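Below is one structure; the comments refer to it alone.
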Amino acid sequence: SQRAQIMVTHNWGNSFNDLLAAVVSDALRECSFRMVAQLLEDDCFFLSEILGKSSRLDDTYWICAFAVNQHSSICHSNPYDRDPCTHELHPVCTCSCVNILDPDGCSTSSEINKFDDMMYHLATTGTCRQVIAVDKSLELFHRAWCVAEIAEAKRLDMTQSLQLLSKATMQQRARTLENLDVRSMEASSEKDKELILGKIEDVEEFNAELQALIFDPKSGLVASWNAMDSLQQVGEVGRLIRWGLADAGTGKVWKAWEAH
C-alpha cells in the first residue's frame, strides 16, 4: 500500500460531494472546487478520465472518515444526532461490536485519540501536506477538531492549503471568522472539546495565533489561497485550453465553467 501524501481536514457537516470535489480539485491543481462539484454531479466518469490523463489517480489522500475506525467507539449510543425532518434521535447501531470506552482519551485500543501521533508520523516520515476542505458556510473553522488539526499541522511545519467553493465564499463570509475563540467552538461531544482545550496552555495566545494563521497578510491561509487564485486567473486562457481539450467537444466542461 502507498503511504498518504496529503492529509485532508474537513468537517463532518460538509456534504460528501463537496468534500470529494475539494480532493479532486486539489489533485487537478485547482484552488476552488465549484466546477468540479458540478462535474461530479454531471459525469463522474469524465472526471476520472481527466485525473487519469493528468497522472493523478495514484495520489493518496488521508481522510479520517475512511482511515479511522470511529464506529467501534460510538455505534451503540447517540445522545445528540437527530433526523433533520422529524427531529428524532437516529436509532443506534445493533451490531455485535463491543464499544471501546475512552473517558480520558488515553485508550491504546481507540483510534480516535491518536490524531497528534498520526500527524507527527505523516509529517516526519515523508512529505505529507495538509489540504483544508472548507465547506460552503465556513463552519469548518468553528469545529474544535478541525481547528486543532490546522494548528497542529502548522506547528509541524506541514505545507497547508485551502480548498474553497469559490472566491465569493470567502469574500461573503470572512467576517464570521474575525473573532474565533477555541473555547466557543463545537465538537461532537463535550468530552472531545475538553480533551482539545486541555492541550492548550494559553487560550488567548492560541486564539491570536489562529487569527494570524488564517488572516496574516503575508503568510496566512487566506493570503496564500488568494495568491494561488490570482495565478490561476492570470493563466485563465491556459486553463480553458486544458479543460477544453479534456472536454473533447462534449460541452460538459463549458457548462460547468459557466456555473463556475
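Simple scheme: letters A, B, ... for chains in C-alpha cells order, numbers from 1 for residues in each chain, numbers from 1 for ligands in the order shown.
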For the interface of segment 97-150 of chain A with segment 177-197 of chain A (cut-off 7 Å, counting only C-alpha atoms), please tabulate each contacting residue of segment 97-150 of chain A alongside its nearest pair of atoms and their separation in Å to one decimal, rows sorted by chain and increasing number, as CSV.
residue,atom,partner,partner_atom,distance
A:His142,CA,A:Met185,CA,5.0
A:Arg143,CA,A:Glu186,CA,5.0
A:Ala144,CA,A:Met185,CA,5.3
A:Trp145,CA,A:Ala187,CA,6.8
Could you write out that same residue set with C-alpha atoms as a PDB file, in the first residue's frame?
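Output file part_9.pdb is given in full below:
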ATOM      1  CA  HIS A 142     -15.922  26.677  14.148  1.00  0.00           C
ATOM      2  CA  ARG A 143     -15.266  22.954  14.754  1.00  0.00           C
ATOM      3  CA  ALA A 144     -12.798  22.244  17.544  1.00  0.00           C
ATOM      4  CA  TRP A 145     -11.216  19.134  15.983  1.00  0.00           C
TER       5      TRP A 145
END
Practice item. Per DSSP on the backbone, filter segment 21-249 of chain A down to the residues in strand (DSSP E) and report them as an MDAnalysis selection string. Key: chainID A and resid 61:63 129:133 160:163
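Candidate residues A:Ile112, A:Ile150, A:Ile100, A:Leu47 were compared for distance to Ala133 of chain A, and the nearest is A:Ile150, using only C-alpha atoms.
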Review point. What's the 9 Å shell around segment 56-72 of chain A, counting only C-alpha atoms, without same-chain residues fewer than 2 positions away, as a PyMOL selection string?
Key: chain A and resi 2-10+12+23+27-28+48+50-54+74-76+97-100+110-112
Selected residues written out with C-alpha atoms, as a PDB file, in the first residue's frame:
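Contents of result-v1.pdb, as written:
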ATOM      1  CA  GLN A   2       1.114   3.584  -0.647  1.00  0.00           C
ATOM      2  CA  ARG A   3       1.543   5.993   2.244  1.00  0.00           C
ATOM      3  CA  ALA A   4      -0.583   9.134   2.299  1.00  0.00           C
ATOM      4  CA  GLN A   5       0.874  12.164   0.536  1.00  0.00           C
ATOM      5  CA  ILE A   6      -1.900  14.570   1.543  1.00  0.00           C
ATOM      6  CA  MET A   7      -3.924  14.802   4.747  1.00  0.00           C
ATOM      7  CA  VAL A   8      -7.432  16.243   4.365  1.00  0.00           C
ATOM      8  CA  THR A   9      -9.008  18.250   7.172  1.00  0.00           C
ATOM      9  CA  HIS A  10     -12.784  18.508   6.816  1.00  0.00           C
ATOM     10  CA  TRP A  12     -18.430  16.122   9.140  1.00  0.00           C
ATOM     11  CA  VAL A  23      -9.981  16.474  -3.062  1.00  0.00           C
ATOM     12  CA  ALA A  27      -5.358  16.740  -7.360  1.00  0.00           C
ATOM     13  CA  LEU A  28      -6.002  18.772 -10.525  1.00  0.00           C
ATOM     14  CA  SER A  48     -11.925  10.101 -13.701  1.00  0.00           C
ATOM     15  CA  ILE A  50      -9.218  13.812 -16.599  1.00  0.00           C
ATOM     16  CA  LEU A  51      -7.490  12.577 -13.441  1.00  0.00           C
ATOM     17  CA  GLY A  52      -6.035   9.689 -15.425  1.00  0.00           C
ATOM     18  CA  LYS A  53      -4.764  11.927 -18.219  1.00  0.00           C
ATOM     19  CA  SER A  54      -3.225  14.217 -15.593  1.00  0.00           C
ATOM     20  CA  ILE A  74     -19.711   5.326  19.116  1.00  0.00           C
ATOM     21  CA  CYS A  75     -22.001   2.777  17.434  1.00  0.00           C
ATOM     22  CA  HIS A  76     -24.221   1.873  20.419  1.00  0.00           C
ATOM     23  CA  CYS A  97     -19.240  -4.674  18.096  1.00  0.00           C
ATOM     24  CA  VAL A  98     -18.032  -4.095  21.654  1.00  0.00           C
ATOM     25  CA  ASN A  99     -17.555  -0.356  22.150  1.00  0.00           C
ATOM     26  CA  ILE A 100     -14.150   0.939  23.210  1.00  0.00           C
ATOM     27  CA  SER A 110      -9.125   3.604  20.400  1.00  0.00           C
ATOM     28  CA  GLU A 111      -8.178   5.114  17.047  1.00  0.00           C
ATOM     29  CA  ILE A 112      -9.962   8.405  17.751  1.00  0.00           C
TER      30      ILE A 112
END
Check your understanding: Given the choices A:Val147, A:Leu213, A:Cys106, A:Leu165, which gets closest to Asp135 of chain A if the distance is worked out from only C-alpha atoms?
Key -> A:Leu165
Check your understanding: Within 9 Å of Leu138 of chain A, counting only C-alpha atoms, which residues qualify if same-chain residues fewer than 4 places away don't, as a VMD selection string?
Key -> chain A and resid 134 142 164 169 to 170 173 to 174 176 to 177
Exercise for review: Identify, with DSSP run on backbone atoms, the residues in segment 24-165 of chain A assigned to alpha helix (DSSP H), and express the list as a PyMOL selection string.
Suggested key: chain A and resi 24-27+34-42+44-53+64-67+71-74+115-124+144-155
Exercise for review: Using atom CA of Cys44 of chain A and atom CA of Thr127 of chain A as the two end points, give the distance in Å to one decimal.
Suggested key: 29.1 Å
Exercise for review: For Ser77 of chain A, list every protein, DNA or RNA residue within 10 Å, evaluated using only C-alpha atoms, and leave out those in the same chain fewer than 5 positions away; present the list as number ranges by chain.
Suggested key: A: 90-93, 99
Residues of the last selection are to be written out with N, CA, C and O atoms, as a CSV table (one decimal), in the first residue's frame.
chain,number,residue,atom,x,y,z
A,90,HIS,N,-31.6,9.6,15.8
A,90,HIS,CA,-31.4,8.5,14.9
A,90,HIS,C,-31.2,7.2,15.7
A,90,HIS,O,-30.6,7.2,16.8
A,91,PRO,N,-31.8,6.1,15.3
A,91,PRO,CA,-31.6,4.8,16.0
A,91,PRO,C,-30.2,4.4,16.1
A,91,PRO,O,-29.4,4.7,15.2
A,92,VAL,N,-29.8,3.7,17.2
A,92,VAL,CA,-28.4,3.3,17.3
A,92,VAL,C,-28.1,2.0,16.6
A,92,VAL,O,-29.1,1.3,16.2
A,93,CYS,N,-26.9,1.7,16.4
A,93,CYS,CA,-26.5,0.5,15.6
A,93,CYS,C,-26.7,-0.7,16.5
A,93,CYS,O,-26.6,-0.7,17.7
A,99,ASN,N,-18.1,-1.7,22.2
A,99,ASN,CA,-17.6,-0.4,22.2
A,99,ASN,C,-16.3,-0.2,23.0
A,99,ASN,O,-16.2,-0.8,24.1
Practice item. Find the distance between atom CA of Ile214 of chain A and atom CA of Asn226 of chain A and write it in Å to one decimal. Key: 11.9 Å
Check your understanding: Just how far from atom CA of Gln163 of chain A is atom CA of Asp26 of chain A, in Å to one decimal?
Key -> 7.2 Å
Point to revise | From A:Glu149, A:Phe141, A:Leu210, A:Ser96, residue lying nearest Tyr120 of chain A [only C-alpha atoms] | key: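 Of A:Glu149, A:Phe141, A:Leu210, A:Ser96, the one nearest Tyr120 of chain A is A:Glu149, counting only C-alpha atoms.
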Check your understanding: Using only C-alpha atoms, which residue out of A:Ser25, A:Gln172, A:Gln160, A:Ser224 lies closest to Ile132 of chain A?
Key -> A:Gln160
Practice item. Please provide as a ChimeraX atom specification all residues within 8 Å of Thr159 of chain A, with the sequence filter that same-chain residues fewer than 5 positions apart are discarded (counting only C-alpha atoms). Key: /A:128-130,153-154
